[in-house]
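Heads up: the structure comes next, in structure tokens.
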Amino acid sequence: MPWVRLHACRGYRDVPWIIRQTGAQVTINLVPTLIEQIENYAAADGKGEDLHQQFAERAPDTLNAAERKWLLGNFFHGHPGSFRWFPAWGALRQRLGGADGGRAATDQDILDVQVWSQLAWFGFSAVADWPELAALRRKGAGFTADEKRHVMDIQRQILRGLRAQYRDLPELSASPACHPILPLLVDTAHAQRCMPGLPDPGFVYPEDARWQLREGRRAVGAWAGAGITGLWPSEGSVSPEVLELAAEAGFGWLATDQDIWERSARQGRAGAGGGAAFRGSWQAGGMRVLFRDRGLSDRIGFVYGGWEGGAAAADLLARLPEGPALLALDGENPWEGYADAGEAFLRAFLTRAPLHTCAAQAAEAPAGTIRRIHTGSWIRADFGIWIGQEEDRRAWSLLAAARAAWAAAGRPEAARASMMAAEGSDWFWWFGDDFSTPFALEFDRLFRLHLIAVYERSGLPVPEALHCPIKRQQLIGAAPTGPVGGPVGGPGTWAEYARSGWVDLRSSAMAPLPGMPERLRYGWRGEEAVCWVEGGDAGTGEGGGLAEGWRLEGPDGQSAALAGGRGSVRGGQALSVVLVGPQGHRLPADGRLWLDAERPVIVDAQLGPIPAGGR
């Protein structure tokens with residue numbers, strides 16, 4: 001996925017760049033796993049390349065029909081506003097982004113899409129340092145291969161120079177190494193403090209929270225060459241135990257949300273009252289805690305993007321209280337919604353606001369004492385997104401089992417990286433129905449691959465459950481209404497189509513893949529099951545072809561090449577199948593399709609058939 005690379009060309013570079021220009025006294029927080037990805041891209045060995053990057057660099061005339069279709073389906077990304085701010089980019093999407101765009105696209109169209117999909121992401125600092133980017137935006141179309149190579153080379157220069165942008169800034173803080181929800185690592189039962197009655201998956205490893213904190217502080221300090229005293233706990237997630245572990249790890253202050261303050265047991269200093277009482281820093285054991293002003297912070301993230309930058313800055317300045325207020329927000333996401341990547345707003349606000357770092361505020365006299373901090377996050381002051389649904393808790397149970405197995409094996413160092421990575425928060429972000437992404441099944445698969453690596457690198461057998469998806473698979477399809485006929489490799493007939501069952505393969509794939517078929521049709525001719533596919537390189541309509549190299553795997557090791565998009569296996573009146581592509585891609589990504597006279601479902605090796613509407 002391309003998001004670290006593209007954000008590096010915008011917010012990851014713009015924010016430290018403009019802080020240097022304005023001299024603003026602010027704090028930037030860094031996450032070690034982000035640093036790791038940036039360094040992978042910056043390396044000269046190409047290991048950091050993502051699939052989108054590889055497709056952007058391909059010459060258009062080397063892309064087959066399926067690859068061109070995939071490119072046009074996946075390259076019109078970014079904030080919707082970018083297609084208004086850059087009319088030539090919007091015109092390309094209008095002309096080529098539909099179902100028939102791939103057929104209409106010329107090689108020059110593909111080249112223009114490749115260039116614009118990168119060009120639209122550059123922030124104001126890149127345009128200032130490479131003015132030719134602005135000239136290319138004005139040109140708008142008819143880009144050359146040399147111009148594309150230059151754009152991609154600028155990206156590489158940005159990624160290789162990003163570390164230097166974070167040297168000698170006013171203050172850096174750190175998040176835990178792999179961005180876990182720390183209170184849940186300490187004990188998932190502690191979620192019941194803010195979510196009474198929640199079932200407990202049984203993960204209790206405070207020593208892992210301790211490692212994540214220590215390694216986070218070490219890694220950020222080593223990368224940026226700075227002393228780290230401040231902590232942004234992942235998703236603002238805190239608990240009394242986390243405060244103790246953070247102090248033990250050498251942090252002097254941490255920040256979280258005002259919702260946490262409102263639910264904490266506290267004692268304010270004389271005269272501190274009213275709705276603004278959470279402001280300033282608070283003493284909590286050996287830590288100073290700062291609480292984010294949610295209203296002011298969210299105006300930057302969700303309100304001002306559509307405003308003129310100077311007017312937005314003036315509005316925010318007028319809203320600032322007389323006393324201290326912590327403005328804390330995602331460092332990259334807001335600026336996607338600003339037409340100029342936030343330059344006018346940031347320049348006006350950073351030069352006019354009376355700013356100081358979190359460390360400077362933490363050094364001031366405390367506003368009061370937190371006797372017992374609330375256990376929760378900056379989202380609803382609970383952990384519902386990460387443990388509130390059955391899918392979340394199933395993932396936590398698998399994580400707990402792997403962690404126990406690793407401990408029993410003596411915690412071999414070879415397995416540590418995958419064990420700690422699997423504790424990260426974003427796997428759980430995509431389980432359940434809180435949020436959706438086309439890559440949800442890919443996140444599911446990657447999470448389980450980390451756990452599989454823990455077992456393999458510990459010399460242990462891999463549990464069968466880890467080969468089964470956690471994510472509920474919303475399978476779309478229908479059963480056959482009668483027998484199908486005709487030769488297996490020959491053209492289909494209208495009657496065959498009318499009686500066949502079908503499965504929407506896109507609803508069961510791990511993510512859209514170049515050349516993948518879009519629909520499987522199936523039915524029976526006596527004891528022989530006949531299957532054929534549509535979409536991808538198959539085209540549409542009766543008897544279309546199939547992307548070269550795909551095959552049908554049936555039960556008991558049966559395998560059939562899909563000649564002309566059609567093949568057959570024997571399986572009575574019900575069978576399980578999977579489509580396997582030339583690069584080893586599987587449809588569905590996990591499990592198998594169970595085809596019978598009632599309705600198609602996905603077979604989960606652990607739980608049996610999964611109904612289309614969920615388990």
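Identifiers in this document derive from the order of the structure tokens: chains are assigned A, B, ..., residues are numbered from 1 separately in each chain, and ligands are numbered from 1 in order of occurrence.
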Exercise for the section: Just the residues within 8 Å of stretch 263-267 of chain A, please, counting only C-alpha atoms, with nothing from its chain fewer than 4 positions along; format it as a list in words. Expected result: Asp259, Gly368, Thr369, Ile370, Arg371, Arg372, Ile373 and His374 of chain A
Practice task
Excluding stretch 77-85 of chain A and residues on its chain fewer than 5 positions from it, collect all residues at most 8 Å away from it, counting only C-alpha atoms, and give them as number ranges by chain.
Solution key: A: 90-91, 93, 117, 120-121, 336-337, 339
Exercise for the section: Can you pull out every residue within 9 Å of A:Pro32, counting only C-alpha atoms, but drop anything in the same chain fewer than 6 positions away, and send it as a PyMOL selection string? Expected result: chain A and resi 174-179+215-217+219-220+223
So that I have them on file, write out the residues from the current selection with C-alpha atoms, as a PDB file, in the first residue's frame.
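So part_22.pdb came out as:
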```pdb
ATOM      1  CA  ALA A 174       7.472   9.145  20.867  1.00  0.00           C
ATOM      2  CA  SER A 175       4.743   6.558  20.709  1.00  0.00           C
ATOM      3  CA  PRO A 176       5.221   2.908  21.750  1.00  0.00           C
ATOM      4  CA  ALA A 177       7.309   0.962  19.242  1.00  0.00           C
ATOM      5  CA  CYS A 178       4.591  -0.895  17.315  1.00  0.00           C
ATOM      6  CA  HIS A 179       1.688   1.439  18.184  1.00  0.00           C
ATOM      7  CA  GLU A 215      11.813   0.570  22.560  1.00  0.00           C
ATOM      8  CA  GLY A 216       9.616   3.409  21.318  1.00  0.00           C
ATOM      9  CA  ARG A 217      11.605   5.975  23.269  1.00  0.00           C
ATOM     10  CA  ALA A 219      14.054   4.135  18.505  1.00  0.00           C
ATOM     11  CA  VAL A 220      12.740   7.666  18.040  1.00  0.00           C
ATOM     12  CA  TRP A 223      16.632   8.084  14.559  1.00  0.00           C
TER      13      TRP A 223
END
```
Exercise for the section: With a distance cut-off of 10 Å and only C-alpha atoms, select the neighbouring residues of A:Arg156, excluding the residue or stretch itself and same-chain residues fewer than 3 positions from it, and output the selection as an MDAnalysis selection string. Expected result: chainID A and resid 5 8:9 41:44 150:153 159:162
Same residues, N, CA, C and O atoms, output as a compact mmCIF listing (two decimals), in the first residue's frame:
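The resulting out_26.txt:
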```
# COMPACT_ATOMS: atom_id res chain seq x y z
N ARG A 5 4.55 6.34 1.58
CA ARG A 5 5.31 7.02 0.53
C ARG A 5 4.64 8.33 0.13
O ARG A 5 5.30 9.38 -0.02
N ALA A 8 4.66 10.97 2.85
CA ALA A 8 6.01 11.52 3.00
C ALA A 8 6.22 12.73 2.10
O ALA A 8 6.98 13.64 2.44
N CYS A 9 5.55 12.73 0.95
CA CYS A 9 5.67 13.85 0.01
C CYS A 9 4.82 15.04 0.43
O CYS A 9 4.91 16.11 -0.18
N TYR A 41 11.80 2.63 2.48
CA TYR A 41 11.70 3.34 1.21
C TYR A 41 13.02 4.04 0.87
O TYR A 41 13.41 4.11 -0.29
N ALA A 42 13.66 4.60 1.90
CA ALA A 42 14.88 5.37 1.66
C ALA A 42 16.06 4.48 1.25
O ALA A 42 17.01 4.96 0.64
N ALA A 43 16.00 3.20 1.59
CA ALA A 43 17.10 2.29 1.26
C ALA A 43 17.24 2.16 -0.25
O ALA A 43 16.27 2.25 -1.01
N ALA A 44 18.43 1.93 -0.69
CA ALA A 44 18.71 1.85 -2.13
C ALA A 44 18.37 0.50 -2.73
O ALA A 44 18.42 0.33 -3.94
N HIS A 150 11.45 11.73 -13.49
CA HIS A 150 11.90 12.83 -12.63
C HIS A 150 10.99 12.96 -11.41
O HIS A 150 11.48 13.17 -10.29
N VAL A 151 9.69 12.84 -11.61
CA VAL A 151 8.74 12.90 -10.49
C VAL A 151 9.03 11.79 -9.49
O VAL A 151 9.07 12.02 -8.26
N MET A 152 9.23 10.58 -9.98
CA MET A 152 9.51 9.46 -9.07
C MET A 152 10.86 9.64 -8.39
O MET A 152 11.03 9.25 -7.22
N ASP A 153 11.82 10.26 -9.07
CA ASP A 153 13.13 10.51 -8.45
C ASP A 153 13.00 11.55 -7.34
O ASP A 153 13.67 11.43 -6.30
N LEU A 159 12.15 10.97 0.41
CA LEU A 159 12.21 9.89 1.40
C LEU A 159 13.61 9.74 1.98
O LEU A 159 13.77 9.51 3.18
N ARG A 160 14.62 9.88 1.15
CA ARG A 160 15.99 9.74 1.64
C ARG A 160 16.41 10.94 2.50
O ARG A 160 17.29 10.81 3.35
N GLY A 161 15.77 12.09 2.28
CA GLY A 161 16.13 13.27 3.05
C GLY A 161 15.22 13.55 4.23
O GLY A 161 15.39 14.55 4.93
N LEU A 162 14.24 12.66 4.46
CA LEU A 162 13.24 12.95 5.49
C LEU A 162 13.83 12.95 6.89
O LEU A 162 13.46 13.77 7.74
```
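Between atom CA of A:Leu243 and atom CA of A:Met287 lies a distance of 6.9 Å.
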Practice task
Report the distance between atom CA of A:Asp293 and atom CA of A:Leu245 in Å, rounded to one decimal place.
Solution key: 24.8 Å
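One finds atom CA of A:Gly305 at 27.4 Å from atom CA of A:Arg163.
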Exercise for the section: Choose the residue, out of A:Ala255, A:Ala498, A:Val127, A:Ala348, that has the smallest atom-to-atom separation from A:Arg10; count only C-alpha atoms. Expected result: A:Val127
Exercise for the section: Based on DSSP run over this structure's backbone, return all residues of stretch 115-358 of chain A in strand (DSSP E), as a VMD selection string. Expected result: chain A and resid 171 to 174 230 to 231 253 to 257 265 to 268 281 to 284 287 to 292
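Considering the residues A:Glu171, A:Asp298, A:Gln192, A:Thr33 and counting only C-alpha atoms, A:Asn333 has its shortest atom-to-atom contact with A:Asp298.
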Exercise for the section: Step one, run DSSP on the backbone; step two, keep only residues of stretch 103-167 of chain A assigned to alpha helix (DSSP H); then write them as JSON, numbers by chain. Expected result: {"A": [103, 104, 107, 108, 109, 110, 111, 112, 113, 114, 115, 116, 117, 118, 119, 124, 125, 126, 127, 128, 129, 132, 133, 134, 135, 136, 137, 138, 139, 145, 146, 147, 148, 149, 150, 151, 152, 153, 154, 155, 156, 157, 158, 159, 160, 161, 162, 163, 164, 165]}
Exercise for the section: For A:Gly310, work out the shell of residues within 8 Å, counting only C-alpha atoms and skipping chain neighbours fewer than 2 positions away, then give it as a list in words. Expected result: Glu308, Ala312, Ala313, Ala314, Ala344, Phe345 and Ala348 of chain A
Practice task
Using only C-alpha atoms, determine which residues lie at most 9 Å from stretch 405-408 of chain A, disregarding the query and same-chain residues fewer than 5 positions distant; provide the list as a ChimeraX atom specification.
Solution key: /A:400,415-416,419,454-455,458,460
